[in-house]
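Encoded as C-alpha cells, the structure appears first; notes follow it.
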Amino acid sequence: MFNVLVADNEYEDRELLKLEIKRALSTETSDIRFSEASSVRQAMQLLTTRIFDLMTLDIEFDRLNEGIDALPEIFENYPTLNIIIVSGKLEKSEVLEQVFRFTKDNVLKGKRWSRHFDVLDKKDDKTEALRRAYSFA
C-alpha cells in the first residue's frame, strides 16, 4: 500500500494530482490510498494521525507561501516523508529561493534534501518525481 496526502486548496487540482499519481505509478502499484487536505492546518492534522509515503503540497492556500511556511515543521516532524511541492503561480527558482531560506537551521542536509523533495510547476510532467518518491518509500 502506498499512502499519499494531497494538500491543495483547489478541489480540481487535488483531483488532477490524484489522476497523475495513479497514471505515473500504474506500473508500480495499484494499491494507492489517497487522503486530501484543503488547508495546511488540515494537512498537519492528517500527518499526526496517519503515516504517509508521499505528500504533494501546494505552496499557496489562503495566503501566499502558506505551504512553504509549513515546510520546516513538516521536515522536522516527518523526516522520511517524500514531499513534492506543486506551484502554479511561481517559477521553480523562486520557490527554491523561498524554500532555501530555512535551510540555515540545518533542517535539511545533503542526500536527505534531494531524496525527499521535488519542486514542480502544475503544468510539469510529474511522472519521474512520483516514481522517485515511490522508489524511496
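Just remember, in the C-alpha cells the first chain shown is A, the second B, etc., residues are 1-based per chain, and ligands are 1-based in the order shown.
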Identify, on the basis of only C-alpha atoms, every residue whose closest approach to Gly67 (chain A) does not exceed 7 Å; exclude the query and any residue fewer than 5 positions from it along the same chain; express the result as a PDB file with N, CA and C atoms, in the first residue's frame.
```pdb
ATOM      1  N   VAL A  40      -3.560  23.940   5.034  1.00  0.00           N
ATOM      2  CA  VAL A  40      -2.333  23.499   5.689  1.00  0.00           C
ATOM      3  C   VAL A  40      -2.667  22.918   7.061  1.00  0.00           C
ATOM      4  N   LEU A  57       2.217  19.101  -1.968  1.00  0.00           N
ATOM      5  CA  LEU A  57       1.888  20.301  -1.204  1.00  0.00           C
ATOM      6  C   LEU A  57       1.894  21.516  -2.108  1.00  0.00           C
ATOM      7  N   ASP A  58       0.736  22.167  -2.205  1.00  0.00           N
ATOM      8  CA  ASP A  58       0.663  23.435  -2.920  1.00  0.00           C
ATOM      9  C   ASP A  58       1.338  24.485  -2.043  1.00  0.00           C
ATOM     10  N   ILE A  59       1.963  25.473  -2.640  1.00  0.00           N
ATOM     11  CA  ILE A  59       2.654  26.461  -1.808  1.00  0.00           C
ATOM     12  C   ILE A  59       1.727  27.569  -1.339  1.00  0.00           C
ATOM     13  N   GLU A  60       0.609  27.775  -2.034  1.00  0.00           N
ATOM     14  CA  GLU A  60      -0.304  28.848  -1.651  1.00  0.00           C
ATOM     15  C   GLU A  60      -1.662  28.257  -1.280  1.00  0.00           C
ATOM     16  N   PHE A  61      -2.147  28.653  -0.143  1.00  0.00           N
ATOM     17  CA  PHE A  61      -3.502  28.274   0.259  1.00  0.00           C
ATOM     18  C   PHE A  61      -4.288  29.564   0.409  1.00  0.00           C
TER      19      PHE A  61
END
```
Would you kindly return, as JSON, numbers by chain, each protein, DNA or RNA residue with an atom no farther than 10 Å from any atom of Ile51 (chain A), considering only C-alpha atoms and excluding same-chain residues fewer than 6 positions away? {"A": [2, 3, 4, 5, 78, 81]}
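Excluding Lys126 (chain A) itself and same-chain residues fewer than 3 positions from it, the residues having an atom within 8 Å of it are Glu20, Ala24, Leu120, Ala129 and Leu130 of chain A, counting only C-alpha atoms.
Ranking A:Met1, A:Leu46, A:Arg14, A:Phe75 by their shortest atom-to-atom distance to Glu28 (chain A), with only C-alpha atoms included, puts A:Met1 first.
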Provide the CA of Arg23 (chain A) to CA of Tyr134 (chain A) distance in Å, to one decimal place.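 Distance between the two atoms: 12.8 Å.
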May I ask for the distance between CA of Asp13 (chain A) and CA of Leu25 (chain A), given in Å to one decimal place?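 Those two atoms sit 18.1 Å apart.
Atom pair CA of Asp8 (chain A) / CA of Thr56 (chain A) has a distance of 8.0 Å (rounded to one decimal).
Compared by their closest atoms to Ser26 (chain A), and using only C-alpha atoms, the residues A:Arg41, A:Arg131, A:Arg50, A:Arg63 rank with A:Arg131 nearest.
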Have a look at A:Leu16, A:Ile21, A:Ala7, A:Ile32 and name the one nearest to Gln45 (chain A); count only C-alpha atoms.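 Closest residue, counting only C-alpha atoms: A:Ala7.
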